[in-house]
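Below is one structure, written out as structure tokens, with a few remarks after it.
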Amino acid sequence: MTDESTIQRRQHDRYTVSFPVSFSGEAAGHGQAMDLSVLGCAIDADQAAGAKTYLKLTLSLPDGEEPLEIDLAVVRWSHERKFGLEFIAFGETQKKRLMRFLNRTAETLVAQKGNQTA
């Protein structure tokens, strides 16, 4: 049985999210992150970005801190305005912050599930 918020079991769990993202590079625009893992995310954007497009991302995580920068990501799949990215290069500090955010997200989901069964 899988949690509804875990989209797919991969090397790292992906969690359903919704927060603003901007991107630049071979394509530029804004959108909403739809799911997130430590290795990538999916975006519903105002501009399409084709497969194999390289981008720089700014993730506005809802944690009250400055936006998180991903120095380099590549589009692995694209369908209309939605596309999936693999994070290629970002600093160790950013990676640790992203991992903390994902851990808090997972803890929140577990707590919510526990409250529903109590």
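Just remember, in the structure tokens the first chain shown is A, the second B, etc., residues are 1-based per chain, and ligands are 1-based in the order shown.
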Going by DSSP on the backbone, which residues of chain A come out as helix (DSSP H, G or I)? List them as an mmCIF file with N, CA and C atoms, in the first residue's frame.
data_model
loop_
_atom_site.group_PDB
_atom_site.id
_atom_site.type_symbol
_atom_site.label_atom_id
_atom_site.label_comp_id
_atom_site.auth_asym_id
_atom_site.auth_seq_id
_atom_site.Cartn_x
_atom_site.Cartn_y
_atom_site.Cartn_z
ATOM 1 N N GLU A 92 25.946 21.591 -2.143
ATOM 2 C CA GLU A 92 25.692 20.702 -1.012
ATOM 3 C C GLU A 92 24.740 21.346 -0.006
ATOM 4 N N THR A 93 24.866 22.642 0.220
ATOM 5 C CA THR A 93 23.968 23.342 1.133
ATOM 6 C C THR A 93 22.534 23.282 0.631
ATOM 7 N N GLN A 94 22.347 23.504 -0.675
ATOM 8 C CA GLN A 94 21.010 23.439 -1.258
ATOM 9 C C GLN A 94 20.449 22.020 -1.179
ATOM 10 N N LYS A 95 21.303 21.024 -1.440
ATOM 11 C CA LYS A 95 20.844 19.636 -1.378
ATOM 12 C C LYS A 95 20.401 19.279 0.035
ATOM 13 N N LYS A 96 21.167 19.695 1.049
ATOM 14 C CA LYS A 96 20.790 19.415 2.435
ATOM 15 C C LYS A 96 19.475 20.106 2.797
ATOM 16 N N ARG A 97 19.307 21.329 2.340
ATOM 17 C CA ARG A 97 18.050 22.046 2.616
ATOM 18 C C ARG A 97 16.877 21.336 1.944
ATOM 19 N N LEU A 98 17.058 20.904 0.707
ATOM 20 C CA LEU A 98 16.004 20.184 0.006
ATOM 21 C C LEU A 98 15.669 18.884 0.740
ATOM 22 N N MET A 99 16.674 18.181 1.212
ATOM 23 C CA MET A 99 16.440 16.948 1.959
ATOM 24 C C MET A 99 15.682 17.226 3.260
ATOM 25 N N ARG A 100 16.026 18.311 3.958
ATOM 26 C CA ARG A 100 15.288 18.686 5.177
ATOM 27 C C ARG A 100 13.821 18.966 4.852
ATOM 28 N N PHE A 101 13.600 19.712 3.763
ATOM 29 C CA PHE A 101 12.232 20.027 3.354
ATOM 30 C C PHE A 101 11.453 18.744 3.054
ATOM 31 N N LEU A 102 12.067 17.825 2.320
ATOM 32 C CA LEU A 102 11.389 16.568 1.979
ATOM 33 C C LEU A 102 11.136 15.724 3.224
ATOM 34 N N ASN A 103 12.073 15.703 4.157
ATOM 35 C CA ASN A 103 11.866 14.962 5.408
ATOM 36 C C ASN A 103 10.701 15.539 6.200
ATOM 37 N N ARG A 104 10.618 16.877 6.267
ATOM 38 C CA ARG A 104 9.484 17.514 6.965
ATOM 39 C C ARG A 104 8.173 17.199 6.254
ATOM 40 N N THR A 105 8.202 17.184 4.927
ATOM 41 C CA THR A 105 7.003 16.849 4.156
ATOM 42 C C THR A 105 6.557 15.429 4.471
ATOM 43 N N ALA A 106 7.496 14.502 4.507
ATOM 44 C CA ALA A 106 7.171 13.106 4.821
ATOM 45 C C ALA A 106 6.619 12.988 6.242
ATOM 46 N N GLU A 107 7.233 13.677 7.206
ATOM 47 C CA GLU A 107 6.766 13.637 8.596
ATOM 48 C C GLU A 107 5.350 14.191 8.712
ATOM 49 N N THR A 108 5.070 15.256 7.989
ATOM 50 C CA THR A 108 3.733 15.846 7.998
ATOM 51 C C THR A 108 2.706 14.868 7.446
ATOM 52 N N LEU A 109 3.060 14.187 6.374
ATOM 53 C CA LEU A 109 2.145 13.199 5.779
ATOM 54 C C LEU A 109 1.866 12.054 6.738
ATOM 55 N N VAL A 110 2.896 11.580 7.427
ATOM 56 C CA VAL A 110 2.723 10.500 8.399
ATOM 57 C C VAL A 110 1.828 10.966 9.539
ATOM 58 N N ALA A 111 2.052 12.185 10.040
ATOM 59 C CA ALA A 111 1.232 12.726 11.127
ATOM 60 C C ALA A 111 -0.213 12.881 10.695
ATOM 61 N N GLN A 112 -0.429 13.375 9.487
ATOM 62 C CA GLN A 112 -1.795 13.544 8.977
ATOM 63 C C GLN A 112 -2.493 12.197 8.846
ATOM 64 N N LYS A 113 -1.771 11.205 8.360
ATOM 65 C CA LYS A 113 -2.339 9.875 8.208
ATOM 66 C C LYS A 113 -2.680 9.290 9.573
ATOM 67 N N GLY A 114 -1.790 9.517 10.566
ATOM 68 C CA GLY A 114 -2.043 9.037 11.919
ATOM 69 C C GLY A 114 -3.271 9.690 12.535
ATOM 70 N N ASN A 115 -3.457 10.973 12.283
ATOM 71 C CA ASN A 115 -4.623 11.690 12.804
ATOM 72 C C ASN A 115 -5.908 11.200 12.174
ATOM 73 N N GLN A 116 -5.861 10.769 10.927
ATOM 74 C CA GLN A 116 -7.043 10.273 10.230
ATOM 75 C C GLN A 116 -7.480 8.919 10.767
ATOM 76 N N THR A 117 -6.534 8.115 11.245
ATOM 77 C CA THR A 117 -6.864 6.785 11.751
ATOM 78 C C THR A 117 -7.151 6.789 13.241
#
(Q) Set the distance at 8 Å and use only C-alpha atoms: which residues neighbour Met34 in chain A once local chain neighbours fewer than 3 positions away are removed? I'd like the list as number ranges by chain. (A) A: 16-19, 41-44
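Minimum atom-to-atom distance to His79 in chain A, evaluated using only C-alpha atoms, belongs to A:Ala51 out of A:Ala51, A:Ala28, A:Glu65, A:Asp46.
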Q.
At a cut-off of 6 Å, using only C-alpha atoms, what residues contact Gly29 in chain A? Leave out same-chain residues fewer than 2 positions from it and give the result as a list in words.
A. Ser22, Phe23 and Gln47 of chain A
Convert the current residue selection to file output with C-alpha atoms, as a PDB file, in the first residue's frame.
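part_4.pdb was written with the following content:
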ATOM      1  CA  SER A  22      10.985  29.840 -12.254  1.00  0.00           C
ATOM      2  CA  PHE A  23      13.427  28.576 -14.848  1.00  0.00           C
ATOM      3  CA  GLN A  47       6.034  27.816 -21.303  1.00  0.00           C
TER       4      GLN A  47
END
Q: Tell me, as a list in words, which residues lie within 6 Å of range 68-75 of chain A, counting only C-alpha atoms; anything in the same chain fewer than 4 positions away does not count.
A: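 Near range 68-75 of chain A, the qualifying residues are Ala51, Lys52, Thr53, Tyr54, Leu55, Lys56, Leu57, Thr58, Leu59, Gly84, Leu85, Glu86, Phe87, Ile88, Ala89 and Phe90 of chain A.
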Q) Using only C-alpha atoms, which residue out of A:Gly50, A:Tyr15, A:Gly64, A:Pro20 lies closest to Leu36 in chain A? A)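 Checking each candidate against Leu36 in chain A, we get A:Tyr15 as the closest.
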Q.
Quick check, in Å to one decimal: how far apart do CA of Asp63 in chain A and CA of Arg76 in chain A lie?
A.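 Taking CA of Asp63 in chain A and CA of Arg76 in chain A, their separation equals 26.9 Å.
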Q. By how many Å are CA of Ala45 in chain A and CA of His12 in chain A apart?
A. 23.5 Å
Q.
To one decimal place in Å, what is the distance between CA of Ala48 in chain A and CA of Ala33 in chain A?
A.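 Interatomic distance here is 13.9 Å.
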Q. What residues in range 6-41 of chain A get the DSSP label strand (DSSP E or B)? Please answer as a PyMOL selection string.
A. chain A and resi 6+15-25+29-37+40-41
File of the preceding selection, N, CA and C atoms, as a short mmCIF file (atom, residue, chain, number, x, y, z; two decimals), in the first residue's frame:
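File again30.cif, as written:
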data_model
loop_
_atom_site.label_atom_id
_atom_site.label_comp_id
_atom_site.auth_asym_id
_atom_site.auth_seq_id
_atom_site.Cartn_x
_atom_site.Cartn_y
_atom_site.Cartn_z
N THR A 6 2.83 9.93 -2.29
CA THR A 6 4.02 9.39 -2.93
C THR A 6 3.61 8.95 -4.31
N TYR A 15 7.20 13.48 -3.75
CA TYR A 15 6.06 13.93 -2.97
C TYR A 15 5.27 14.98 -3.74
N THR A 16 3.97 14.88 -3.65
CA THR A 16 3.10 15.86 -4.27
C THR A 16 3.29 17.19 -3.56
N VAL A 17 3.58 18.22 -4.34
CA VAL A 17 3.80 19.57 -3.80
C VAL A 17 3.12 20.57 -4.71
N SER A 18 3.09 21.79 -4.29
CA SER A 18 2.62 22.89 -5.12
C SER A 18 3.25 24.17 -4.60
N PHE A 19 4.25 24.66 -5.33
CA PHE A 19 4.88 25.92 -5.00
C PHE A 19 5.48 26.51 -6.27
N PRO A 20 5.72 27.82 -6.29
CA PRO A 20 6.22 28.48 -7.49
C PRO A 20 7.65 28.07 -7.85
N VAL A 21 7.87 28.00 -9.15
CA VAL A 21 9.18 27.70 -9.71
C VAL A 21 9.41 28.64 -10.88
N SER A 22 10.62 29.13 -11.03
CA SER A 22 10.98 29.84 -12.25
C SER A 22 12.19 29.13 -12.86
N PHE A 23 12.33 29.25 -14.17
CA PHE A 23 13.43 28.58 -14.85
C PHE A 23 13.96 29.45 -15.97
N SER A 24 15.24 29.25 -16.27
CA SER A 24 15.90 30.00 -17.33
C SER A 24 16.95 29.10 -17.96
N GLY A 25 17.48 29.55 -19.07
CA GLY A 25 18.47 28.77 -19.81
C GLY A 25 18.01 28.61 -21.24
N GLY A 29 10.68 30.62 -18.09
CA GLY A 29 9.29 30.79 -17.72
C GLY A 29 9.08 30.58 -16.23
N HIS A 30 7.81 30.45 -15.88
CA HIS A 30 7.38 30.25 -14.50
C HIS A 30 6.38 29.12 -14.47
N GLY A 31 6.24 28.53 -13.31
CA GLY A 31 5.25 27.46 -13.18
C GLY A 31 5.09 27.06 -11.73
N GLN A 32 4.46 25.90 -11.57
CA GLN A 32 4.24 25.31 -10.26
C GLN A 32 4.87 23.93 -10.23
N ALA A 33 5.64 23.67 -9.17
CA ALA A 33 6.15 22.32 -8.97
C ALA A 33 4.96 21.43 -8.64
N MET A 34 4.93 20.24 -9.26
CA MET A 34 3.83 19.31 -9.02
C MET A 34 4.25 18.15 -8.13
N ASP A 35 5.46 17.74 -8.26
CA ASP A 35 6.01 16.71 -7.39
C ASP A 35 7.51 16.95 -7.28
N LEU A 36 8.09 16.37 -6.22
CA LEU A 36 9.47 16.73 -5.90
C LEU A 36 10.17 15.56 -5.22
N SER A 37 11.41 15.35 -5.59
CA SER A 37 12.30 14.44 -4.88
C SER A 37 13.65 15.13 -4.77
N GLY A 40 14.91 15.43 -8.48
CA GLY A 40 14.20 16.09 -9.57
C GLY A 40 12.81 16.52 -9.19
N CYS A 41 12.09 17.05 -10.18
CA CYS A 41 10.72 17.47 -9.96
C CYS A 41 9.98 17.51 -11.29
#
